[in-house]
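Source file: final.pdb. Holds: PDB, C-alpha atoms.
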ATOM      1  CA  MET A 597    -110.441 132.709   4.383
ATOM      2  CA  LYS A 598    -107.504 132.476   6.736
ATOM      3  CA  VAL A 599    -107.194 129.670   9.262
ATOM      4  CA  HIS A 600    -105.004 129.997  12.355
ATOM      5  CA  VAL A 601    -103.561 126.523  12.858
ATOM      6  CA  LEU A 602    -102.966 126.893  16.608
ATOM      7  CA  GLN A 603    -106.660 127.708  17.187
ATOM      8  CA  ILE A 604    -107.922 124.459  15.654
ATOM      9  CA  PRO A 605    -108.817 121.857  18.308
ATOM     10  CA  LEU A 606    -107.583 118.264  17.975
ATOM     11  CA  ASP A 607    -110.964 117.053  16.713
ATOM     12  CA  GLY A 608    -111.162 119.817  14.089
ATOM     13  CA  GLU A 609    -113.286 122.911  13.669
ATOM     14  CA  HIS A 610    -116.329 123.793  11.543
ATOM     15  CA  TYR A 611    -116.263 127.140   9.725
ATOM     16  CA  GLU A 612    -119.125 128.843   7.915
ATOM     17  CA  GLY A 613    -118.981 132.231   6.322
ATOM     18  CA  GLU A 614    -118.451 134.248   3.180
ATOM     19  CA  VAL A 615    -115.579 135.404   1.023
ATOM     20  CA  PRO A 616    -116.102 138.469  -1.201
ATOM     21  CA  GLY A 617    -117.044 137.478  -4.751
ATOM     22  CA  ALA A 618    -114.434 139.898  -6.071
ATOM     23  CA  VAL A 619    -111.712 137.307  -5.367
ATOM     24  CA  LEU A 620    -112.993 135.328  -8.366
ATOM     25  CA  GLY A 621    -111.761 138.035 -10.723
ATOM     26  CA  LEU A 622    -114.863 137.631 -12.896
ATOM     27  CA  ASP A 623    -115.843 140.986 -14.295
ATOM     28  CA  ASP A 624    -116.246 140.823 -18.039
ATOM     29  CA  GLU A 625    -119.213 141.063 -20.374
ATOM     30  CA  ASN A 626    -119.931 137.314 -20.326
ATOM     31  CA  THR A 627    -119.438 136.287 -16.704
ATOM     32  CA  ARG A 628    -119.392 138.231 -13.463
ATOM     33  CA  SER A 629    -119.740 137.523  -9.775
ATOM     34  CA  THR A 630    -122.991 138.798  -8.247
ATOM     35  CA  GLY A 631    -122.394 138.066  -4.574
ATOM     36  CA  SER A 632    -120.214 136.506  -1.943
ATOM     37  CA  ILE A 633    -118.827 132.978  -2.013
ATOM     38  CA  ARG A 634    -120.422 131.001   0.798
ATOM     39  CA  TYR A 635    -118.515 128.190   2.488
ATOM     40  CA  ALA A 636    -119.192 125.511   5.092
ATOM     41  CA  LEU A 637    -115.936 123.718   5.870
ATOM     42  CA  ASP A 638    -114.638 121.217   8.366
ATOM     43  CA  VAL A 639    -110.957 121.950   9.016
ATOM     44  CA  GLY A 640    -108.439 119.908  10.952
ATOM     45  CA  VAL A 641    -104.752 119.221  11.491
ATOM     46  CA  SER A 642    -103.133 115.804  11.176
ATOM     47  CA  ASP A 643     -99.576 114.546  10.648
ATOM     48  CA  GLY A 644     -98.093 117.996  10.058
ATOM     49  CA  GLY A 645    -100.702 119.026   7.508
ATOM     50  CA  LEU A 646    -103.919 120.983   7.389
ATOM     51  CA  TRP A 647    -107.010 119.571   5.662
ATOM     52  CA  ALA A 648    -110.332 121.120   4.778
ATOM     53  CA  ARG A 649    -113.477 119.665   3.251
ATOM     54  CA  GLY A 650    -117.001 120.927   2.757
ATOM     55  CA  THR A 651    -119.226 122.859   0.380
ATOM     56  CA  LEU A 652    -118.906 126.095  -1.583
ATOM     57  CA  SER A 653    -121.416 128.153  -3.544
ATOM     58  CA  ALA A 654    -121.193 131.410  -5.473
ATOM     59  CA  PRO A 655    -123.811 133.387  -7.419
ATOM     60  CA  VAL A 656    -122.760 134.500 -10.903
ATOM     61  CA  GLU A 657    -124.297 136.128 -13.943
ATOM     62  CA  CYS A 658    -123.502 134.483 -17.275
ATOM     63  CA  ARG A 659    -124.327 135.158 -20.906
ATOM     64  CA  CYS A 660    -126.020 132.298 -22.754
ATOM     65  CA  VAL A 661    -123.907 131.068 -25.672
ATOM     66  CA  ARG A 662    -127.045 130.455 -27.762
ATOM     67  CA  CYS A 663    -129.348 133.441 -27.297
ATOM     68  CA  LEU A 664    -126.776 135.852 -25.760
ATOM     69  CA  GLU A 665    -129.111 136.835 -22.920
ATOM     70  CA  LYS A 666    -127.764 137.176 -19.399
ATOM     71  CA  PHE A 667    -128.979 134.824 -16.683
ATOM     72  CA  HIS A 668    -128.196 134.146 -13.037
ATOM     73  CA  ARG A 669    -126.778 130.887 -11.787
ATOM     74  CA  THR A 670    -125.363 129.576  -8.513
ATOM     75  CA  LEU A 671    -122.153 127.618  -8.877
ATOM     76  CA  ASP A 672    -122.028 124.805  -6.324
ATOM     77  CA  VAL A 673    -119.030 122.764  -5.233
ATOM     78  CA  PRO A 674    -120.526 120.025  -3.030
ATOM     79  CA  ASP A 675    -117.242 118.246  -2.348
ATOM     80  CA  PHE A 676    -114.481 120.789  -1.786
ATOM     81  CA  ALA A 677    -111.346 119.110  -0.431
ATOM     82  CA  PHE A 678    -107.916 120.531   0.265
ATOM     83  CA  GLN A 679    -104.771 119.463   2.096
ATOM     84  CA  VAL A 680    -101.445 121.218   2.580
ATOM     85  CA  GLU A 681     -98.259 120.582   4.548
ATOM     86  CA  LEU A 682     -97.866 123.133   7.332
ATOM     87  CA  GLU A 683     -94.050 123.341   7.271
ATOM     88  CA  GLY A 684     -94.015 125.509  10.411
ATOM     89  CA  ARG A 685     -96.773 127.892   9.280
ATOM     90  CA  GLU A 686     -99.191 129.165  11.886
ATOM     91  CA  MET A 687    -101.718 130.464   9.379
ATOM     92  CA  VAL A 688    -103.047 129.082   6.086
ATOM     93  CA  ASP A 689    -105.047 131.124   3.572
ATOM     94  CA  LEU A 690    -107.652 128.966   1.799
ATOM     95  CA  THR A 691    -109.006 131.806  -0.366
ATOM     96  CA  GLU A 692    -107.031 130.939  -3.497
ATOM     97  CA  HIS A 693    -108.033 127.268  -3.285
ATOM     98  CA  ILE A 694    -111.695 128.205  -2.795
ATOM     99  CA  ARG A 695    -111.421 130.532  -5.805
ATOM    100  CA  GLU A 696    -109.901 127.789  -7.941
ATOM    101  CA  ASP A 697    -112.646 125.266  -7.212
ATOM    102  CA  ILE A 698    -115.397 127.808  -7.922
ATOM    103  CA  LEU A 699    -113.780 128.745 -11.247
ATOM    104  CA  LEU A 700    -113.554 125.063 -12.168
ATOM    105  CA  ALA A 701    -117.325 124.812 -11.594
ATOM    106  CA  LEU A 702    -117.973 127.484 -14.238
ATOM    107  CA  PRO A 703    -119.426 125.935 -17.386
ATOM    108  CA  ALA A 704    -117.317 126.368 -20.504
ATOM    109  CA  HIS A 705    -120.451 127.061 -22.558
ATOM    110  CA  PRO A 706    -123.206 128.405 -20.273
ATOM    111  CA  HIS A 707    -126.818 127.942 -21.373
ATOM    112  CA  CYS A 708    -129.751 129.881 -19.922
ATOM    113  CA  ASP A 709    -131.880 126.708 -19.900
ATOM    114  CA  TRP A 710    -129.368 124.762 -17.777
ATOM    115  CA  ASP A 711    -131.860 124.077 -14.973
ATOM    116  CA  GLY A 712    -134.832 123.188 -17.194
ATOM    117  CA  LYS A 713    -136.935 126.051 -15.777
ATOM    118  CA  LYS A 714    -136.527 128.237 -18.843
ATOM    119  CA  ALA A 715    -136.601 127.525 -22.562
ATOM    120  CA  CYS A 716    -133.824 129.205 -24.486
ATOM    121  CA  LYS A 717    -135.100 131.388 -27.337
ATOM    122  CA  ALA A 718    -132.402 130.082 -29.611
ATOM    123  CA  ASN A 719    -133.350 126.403 -29.359
ATOM    124  CA  PHE A 720    -133.939 124.962 -32.814
ATOM    125  CA  SER A 721    -137.429 123.757 -33.582
ATOM    126  CA  THR A 722    -136.543 121.830 -36.737
ATOM    127  CA  LYS A 723    -136.512 118.051 -36.909
ATOM    128  CA  GLN A 724    -132.757 117.936 -37.382
ATOM    129  CA  SER A 725    -130.675 117.913 -34.211
ATOM    130  CA  VAL A 726    -128.025 120.584 -33.762
ATOM    131  CA  ALA A 727    -125.361 117.933 -33.198
ATOM    132  CA  GLU A 728    -126.437 115.936 -36.252
ATOM    133  CA  PRO A 729    -124.476 116.900 -39.369
ATOM    134  CA  LEU A 730    -126.044 117.468 -42.780
ATOM    135  CA  ASP A 731    -126.438 114.448 -45.082
ATOM    136  CA  ASP A 732    -123.570 115.401 -47.412
ATOM    137  CA  THR A 733    -121.084 115.671 -44.528
ATOM    138  CA  ARG A 734    -122.001 112.505 -42.622
ATOM    139  CA  ASP A 735    -119.023 110.569 -43.828
ATOM    140  CA  ALA A 736    -115.777 112.510 -43.640
ATOM    141  CA  TRP A 737    -114.038 109.937 -45.811
ATOM    142  CA  LYS A 738    -116.452 110.556 -48.699
ATOM    143  CA  GLN A 739    -115.654 114.228 -48.512
ATOM    144  CA  LEU A 740    -111.931 113.512 -48.535
ATOM    145  CA  ASP A 741    -112.331 111.216 -51.546
ATOM    146  CA  LYS A 742    -113.804 114.146 -53.480
ATOM    147  CA  LEU A 743    -110.550 116.095 -53.147
ATOM    148  CA  LYS A 744    -108.557 116.403 -56.358
ATOM    149  CA  LEU A 745    -104.892 116.391 -55.389
TER
END
Would you give me this structure, written as C-alpha cells?
Amino acid sequence: MKVHVLQIPLDGEHYEGEVPGAVLGLDDENTRSTGSIRYALDVGVSDGGLWARGTLSAPVECRCVRCLEKFHRTLDVPDFAFQVELEGREMVDLTEHIREDILLALPAHPHCDWDGKKACKANFSTKQSVAEPLDDTRDAWKQLDKLKL
C-alpha cells in the first residue's frame, strides 16, 4: 500500500482496501496465505512525519501442532500503528510494515481448537494434564541428587 504524501489533506485521510496475501511470503506445508490482507487505516502527516493507525486482517491456513490437520484462521491486528519521518519523500510504502504486523500475529504453535468451536482430536482425555509432569520428575532437584558424579 503506497501513500502519496502530497495527496493527504491536513486533517488526514481514511484508506480501506486490500494487499495481495502473497506479500506475506507464507507458502510452506504448515502455514500459507489464503486471501488478501484487508486494511482500514487513518493516515495523516504531522511535524515532518507520516503516521498510520487502524486495523488489519488476513486469512491463513495453518497446520495444528497437536493433530496435524489443516484449519483456517483469520489473523487480526486491531491496533496497527506506524510512524515514519518523511525526510523529503513524496511517497511512503506501508506494505512491509503491514506484512510485519500480520506475521507477528501468527501463533507460534497454532491449534485447530483456538476459537473453541472445534475440539482437537489430539486432546488428551486422561486425568493428568499435559503440562503437569509425571510424579518422578516433579522435583528437578531430586533428579539431580540421583546423579552419581
* To do: Starting from the shown file, work through the PyMOL selection byres ((chain A and resi 637) around 6) and note down what comes out as a VMD selection string.
  => chain A and resid 610 to 611 636 638 649 to 650
* Mind giving me the straight-line distance from CA of Val680 in chain A to CA of Val656 in chain A in Å, one decimal? =>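 Result for CA of Val680 in chain A versus CA of Val656 in chain A: 28.5 Å, one decimal.
The smallest atom-to-atom distance between Gly631 in chain A and any of A:Thr651, A:Thr670, A:Gln603, A:Thr691, using all atoms listed in the file, is found for A:Thr670.
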* Structure fact -> Using all atoms listed in the file, the shortest atom-to-atom distance to Asp643 in chain A among A:Leu682, A:Leu699, A:Cys708, A:Arg659 belongs to A:Leu682
If you take every atom of range 607-614 of chain A that the file lists and fit an axis-aligned box around them with 5 Å extra on each side, what centre and edge lengths come out in Å to one decimal, as lines of an AutoDock Vina configuration file?
center_x = -115.0
center_y = 125.7
center_z = 9.9
size_x = 18.2
size_y = 27.2
size_z = 23.5
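Nearest-residue note for Asp709 in chain A: choosing from A:Ala618, A:Cys660, A:Leu602, A:Met687, the minimum distance belongs to A:Cys660, counting all atoms listed in the file.
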* Asked: Got a sec: who's within 10 Å of range 714-719 of chain A, counting all atoms listed in the file, leaving out chain neighbours fewer than 3 positions off, as a ChimeraX atom specification?
  -> /A:660-665,707-711,722,726
* So, counting all atoms listed in the file, which residue among A:Cys658, A:Leu606, A:Val601, A:Leu745 is closest to Thr630 in chain A? -> A:Cys658
* Asked: Just how far from CA of Glu625 in chain A is CA of Asp697 in chain A, in Å to one decimal?
  ->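 Distance between the two atoms: 21.6 Å.
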* Asked: For Pro655 in chain A, which residue among A:Val641, A:Ile604, A:Val688, A:Leu702 is the nearest when counting only C-alpha atoms?
  -> A:Leu702
* **Protein and nucleic acid residues near (-110.2, 130.4, -5.3) (cut-off 12 Å, all atoms listed in the file) as a PyMOL selection string** => chain A and resi 597+615-622+633-635+652-654+673+676+678+689-701
* Distance in Å - CA of Glu612 in chain A versus CA of Pro703 in chain A ->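 Distance between the two atoms: 25.5 Å.
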* For Glu657 in chain A, which residue out of A:Asp675, A:Gly640, A:Arg685, A:Thr627 is the nearest one, using all atoms listed in the file? ->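 The shortest atom-to-atom distance to Glu657 in chain A comes from A:Thr627.
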